[in-house]
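Chemist: Mind having a look at this structure? Questions to follow.
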Amino acid sequence: METERTLGIGRIRTTDEVHEKQYSLPERHLLEARINNLPATRTMYKVFTLITLGMVLDGFDVYLAGGVLSSLIQTGWSTMFLNAAFISTTFIGLFLGSIASGVIGDLKGRQFAYQINLLIFGLASLASFFAPNMITLIILRGIAGFGLGAEIVTGFALLGEFVPAGSRGKWVGSLSVLANCSAPIATFIGFLIIPSIGWRWMFVIVGIASLIVWYFRRSLPESPRWYFSQGRYSDAEKVVRQFEQEAEKKYGTRHPGVNLNDQQQFDQIDTRKSRFSELFSSNEIRKTILACVILAAINTAAFTFVTWAPTLLVNSGITVSKSLGYSALMMLGAPVGAFIGRSTVDRIGRKWTIVGAFVMTAIFGYGYAFQTNPAAIMSLGFLMTVCIYILMAVALSIYVPELFPTRLRMRGNGTAQAVGRFFTIITPYAVAGLLSTQGPISIFIMIGIFMAVTAVLTIFWGPETKKQILK
């Protein structure tokens, strides 16, 4: 039996005692401090790797649509109307999956929600290979979208619940950087696969990869922070002990460089029972509205600019081939922006990084709309992409999940993600209407106003969460 260890605030239970249900107040305080300072061990890197792989698959799936749909049109297998239905159904699935995963993740656990989503997505993707017609493919796409809706909702929040507050921005920001590499990966694989052996194999690749990740994610530990918030202290203890035992072998101590007696770490995790309606209570309503507006603004800017950039360029008189080339060069700003966000989030802080990125997105977008010179188009487009993906890395990945206490985090983040997805459903119609009646300048004015309003709302309603312990 493991030797008992004592600290000033209580004692760490031995292996044989973990099953006990009753924890004294000092023991709960000590357990909470240990959860807040999980060491970076093999299990932590395993958690990071498996979440990253899932997020890359999420991005891969989003970006494979462009190549697949263009091939379907070229071969006469689909029409523009059916392609639009394919895109809309995807986002409807993502919308519903975001809400469902938020509720399931808070009530049944993060690991449960995280396992079932990838299984649904993987099986639906594999079934897409056998789709006999476009209607069947659209239905399967909706099912796959529902499964994939949980990936972003759960992935960023789950990693944030494992890593210490002082380095949370670095860890989650790194996840965002790697996830945003999925765009060039999907584009390159599509370039190799679709012309040679056909679009169906794109779904086979993402389906098989998803099931492989699902298999290895079965051993992913549950969030000890969620266990603690549910009053399941023994279960939280077991997960924490796994990290500590690995740290003792690696570093010679269970918590290198950490003071577990710091009383500022105590009574931080909210253990009260929760209801979905609490998101709209007087204590949470501002954070809920802010989270929804932030993700709606990010999705509007990202979807409009990234998806419609080639069309907007063509409408400005630039050839199709050149517009695709310009768009590819501008998209190099995605990993750059995510890396900048990852590097600055724990130094400058979440709030003012987000405000600055929203303001600069509005400015660069407005300037972009008036350009006709290729060099100016690419330069401003690149800078706008950088700012959008700073927002992706900091606001979407880190800040929004941090706004909510553990007992409401998945539902709060899921609701905000669902609102963001909803805007991706209605944005194409707004963009198409403005493009046909007012021209491309009006689109960037609309984006600019939305970004500015969101920046102001963040200034007045947004708390700074830099290096704060998750409640």
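Within each chain, counting starts at residue 1; across the structure tokens, chains are named A, B, ... in the order shown, with ligands numbered 1 upward in that order.
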List the neighbours of A:Leu380 out to 12 Å using only C-alpha atoms; skip same-chain residues closer than 4 positions along the sequence, and give me the result as a ChimeraX atom specification.

Modeler: /A:305,326-327,329-331,333,360-376,384-387

Chemist: May I have the selected residues written with N, CA, C and O atoms, as a short mmCIF file (atom, residue, chain, number, x, y, z; two decimals), in the first residue's frame?

Modeler:
data_model
loop_
_atom_site.label_atom_id
_atom_site.label_comp_id
_atom_site.auth_asym_id
_atom_site.auth_seq_id
_atom_site.Cartn_x
_atom_site.Cartn_y
_atom_site.Cartn_z
N PHE A 305 -15.44 35.61 -45.27
CA PHE A 305 -14.19 35.94 -45.94
C PHE A 305 -13.54 34.72 -46.58
O PHE A 305 -13.17 34.74 -47.76
N TYR A 326 -4.90 33.90 -55.15
CA TYR A 326 -4.89 34.93 -54.10
C TYR A 326 -5.45 34.37 -52.79
O TYR A 326 -4.91 34.62 -51.71
N SER A 327 -6.53 33.62 -52.89
CA SER A 327 -7.16 33.07 -51.69
C SER A 327 -6.22 32.11 -50.97
O SER A 327 -6.14 32.11 -49.73
N LEU A 329 -2.94 32.12 -51.00
CA LEU A 329 -1.87 32.89 -50.35
C LEU A 329 -2.40 33.59 -49.09
O LEU A 329 -1.70 33.64 -48.06
N MET A 330 -3.61 34.13 -49.16
CA MET A 330 -4.17 34.81 -47.99
C MET A 330 -4.42 33.84 -46.84
O MET A 330 -4.29 34.19 -45.67
N MET A 331 -4.75 32.58 -47.16
CA MET A 331 -5.04 31.60 -46.12
C MET A 331 -3.79 31.18 -45.34
O MET A 331 -3.88 30.56 -44.29
N GLY A 333 -2.29 33.08 -43.70
CA GLY A 333 -2.43 33.86 -42.46
C GLY A 333 -3.10 33.09 -41.34
O GLY A 333 -3.02 33.50 -40.17
N MET A 360 -9.05 45.34 -35.51
CA MET A 360 -8.19 45.26 -36.69
C MET A 360 -8.85 44.47 -37.82
O MET A 360 -8.65 44.78 -39.00
N THR A 361 -9.66 43.46 -37.49
CA THR A 361 -10.41 42.74 -38.53
C THR A 361 -11.34 43.70 -39.26
O THR A 361 -11.44 43.66 -40.50
N ALA A 362 -12.02 44.56 -38.50
CA ALA A 362 -12.93 45.54 -39.11
C ALA A 362 -12.16 46.51 -40.02
O ALA A 362 -12.59 46.80 -41.14
N ILE A 363 -11.02 46.99 -39.54
CA ILE A 363 -10.24 47.97 -40.32
C ILE A 363 -9.67 47.34 -41.59
O ILE A 363 -9.80 47.90 -42.70
N PHE A 364 -9.04 46.19 -41.46
CA PHE A 364 -8.46 45.54 -42.63
C PHE A 364 -9.54 45.10 -43.62
O PHE A 364 -9.36 45.19 -44.84
N GLY A 365 -10.68 44.66 -43.11
CA GLY A 365 -11.78 44.25 -43.98
C GLY A 365 -12.34 45.41 -44.79
O GLY A 365 -12.62 45.28 -45.99
N TYR A 366 -12.48 46.54 -44.14
CA TYR A 366 -13.00 47.73 -44.83
C TYR A 366 -12.02 48.19 -45.91
O TYR A 366 -12.42 48.51 -47.04
N GLY A 367 -10.72 48.17 -45.56
CA GLY A 367 -9.71 48.57 -46.55
C GLY A 367 -9.64 47.59 -47.71
O GLY A 367 -9.47 47.99 -48.87
N TYR A 368 -9.80 46.30 -47.40
CA TYR A 368 -9.75 45.25 -48.41
C TYR A 368 -10.82 45.44 -49.48
O TYR A 368 -10.60 45.19 -50.67
N ALA A 369 -11.99 45.89 -49.06
CA ALA A 369 -13.13 46.00 -49.97
C ALA A 369 -12.88 47.01 -51.10
O ALA A 369 -13.48 46.90 -52.18
N PHE A 370 -11.98 47.96 -50.89
CA PHE A 370 -11.76 49.01 -51.89
C PHE A 370 -10.54 48.76 -52.78
O PHE A 370 -10.22 49.59 -53.63
N GLN A 371 -9.86 47.64 -52.58
CA GLN A 371 -8.62 47.40 -53.31
C GLN A 371 -8.88 46.76 -54.68
O GLN A 371 -9.77 45.93 -54.83
N THR A 372 -8.06 47.14 -55.64
CA THR A 372 -8.08 46.51 -56.97
C THR A 372 -6.68 46.03 -57.36
O THR A 372 -6.54 45.19 -58.24
N ASN A 373 -5.65 46.57 -56.69
CA ASN A 373 -4.29 46.15 -56.95
C ASN A 373 -4.02 44.79 -56.32
O ASN A 373 -4.30 44.59 -55.14
N PRO A 374 -3.50 43.82 -57.09
CA PRO A 374 -3.28 42.46 -56.55
C PRO A 374 -2.44 42.42 -55.29
O PRO A 374 -2.74 41.67 -54.36
N ALA A 375 -1.38 43.21 -55.24
CA ALA A 375 -0.50 43.21 -54.06
C ALA A 375 -1.25 43.70 -52.83
O ALA A 375 -1.12 43.15 -51.73
N ALA A 376 -2.06 44.76 -53.01
CA ALA A 376 -2.83 45.29 -51.89
C ALA A 376 -3.91 44.30 -51.45
O ALA A 376 -4.17 44.14 -50.25
N MET A 384 -6.07 40.40 -42.66
CA MET A 384 -7.41 40.12 -42.14
C MET A 384 -7.53 38.66 -41.70
O MET A 384 -8.11 38.36 -40.64
N THR A 385 -6.95 37.76 -42.47
CA THR A 385 -6.96 36.35 -42.10
C THR A 385 -6.21 36.13 -40.80
O THR A 385 -6.65 35.35 -39.93
N VAL A 386 -5.07 36.79 -40.63
CA VAL A 386 -4.30 36.69 -39.38
C VAL A 386 -5.16 37.09 -38.19
O VAL A 386 -5.22 36.38 -37.17
N CYS A 387 -5.86 38.21 -38.32
CA CYS A 387 -6.70 38.71 -37.22
C CYS A 387 -7.86 37.76 -36.92
O CYS A 387 -8.19 37.52 -35.74
#

Chemist: Might you pull out every residue within 10 Å of A:Arg200, with only C-alpha atoms counted and same-chain residues fewer than 2 positions away left off, and present them as a ChimeraX atom specification?

Modeler: /A:68,125-131,193-194,197-198,202-205

Chemist: Could you write out the selected residues, including C-alpha atoms, as a JSON list (two decimals), in the first residue's frame?

Modeler:
[["chain", "number", "residue", "atom", "x", "y", "z"],
["A", 68, "VAL", "CA", -15.87, 17.35, -53.17],
["A", 125, "SER", "CA", -18.50, 9.39, -43.16],
["A", 126, "LEU", "CA", -17.78, 5.78, -44.15],
["A", 127, "ALA", "CA", -21.42, 5.32, -45.18],
["A", 128, "SER", "CA", -21.04, 8.37, -47.45],
["A", 129, "PHE", "CA", -18.68, 6.34, -49.64],
["A", 130, "PHE", "CA", -21.64, 4.13, -50.61],
["A", 131, "ALA", "CA", -24.18, 6.95, -51.14],
["A", 193, "ILE", "CA", -7.15, 12.06, -54.26],
["A", 194, "ILE", "CA", -10.17, 13.58, -56.02],
["A", 197, "ILE", "CA", -9.49, 8.00, -57.60],
["A", 198, "GLY", "CA", -12.59, 10.12, -56.92],
["A", 202, "MET", "CA", -12.14, 11.60, -49.14],
["A", 203, "PHE", "CA", -14.96, 10.34, -46.90],
["A", 204, "VAL", "CA", -13.20, 6.99, -46.48],
["A", 205, "ILE", "CA", -10.01, 8.72, -45.33]]

Chemist: Which residue gives the smallest distance to A:Lys238 among A:Ile35, A:Val47, A:Val400, A:Phe191, with only C-alpha atoms counted?

Modeler: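 Once distances to A:Lys238 are computed over only C-alpha atoms, the minimum belongs to A:Ile35.
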
Chemist: I need the residue nearest A:Leu158 from this list: A:Lys351, A:Arg225, A:Arg217, A:Arg241. Use only C-alpha atoms for the distance.

Modeler: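 Ranking A:Lys351, A:Arg225, A:Arg217, A:Arg241 by distance to A:Leu158, first place goes to A:Arg225.
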
Chemist: Of the candidates A:Thr136, A:Leu53, A:Phe450, A:Glu244, which shows the shortest atom-to-atom distance to A:Val293, using only C-alpha atoms?

Modeler: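 Selected residue with least distance to A:Val293: A:Phe450.
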
Chemist: Please provide as a list in words all residues within 6 Å of stretch 140-150 of chain A, with the sequence filter that same-chain residues fewer than 3 positions apart are discarded (counting only C-alpha atoms).

Modeler: Thr89, Thr90, Gly93, Leu94, Gly97, Ser98, Ser101, Asn117, Ile120, Phe121, Ala124, Leu137, Val153 and Thr154 of chain A

Chemist: DSSP on the backbone: what in stretch 99-167 of chain A comes out alpha helix (DSSP H), as number ranges by chain?

Modeler: A: 99-107, 110-128, 134-162

Chemist: Find the residue from A:Pro463, A:Gly166, A:Pro440, A:Gly155 that sits nearest to A:Val56; use only C-alpha atoms when measuring.

Modeler: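 Under the stated criterion, the closest residue is A:Gly155.
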
Chemist: Choose the residue, out of A:Leu290, A:Ala357, A:Ala416, A:Met134, that has the smallest atom-to-atom separation from A:Ala85; count only C-alpha atoms.

Modeler: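 Closest residue, counting only C-alpha atoms: A:Met134.
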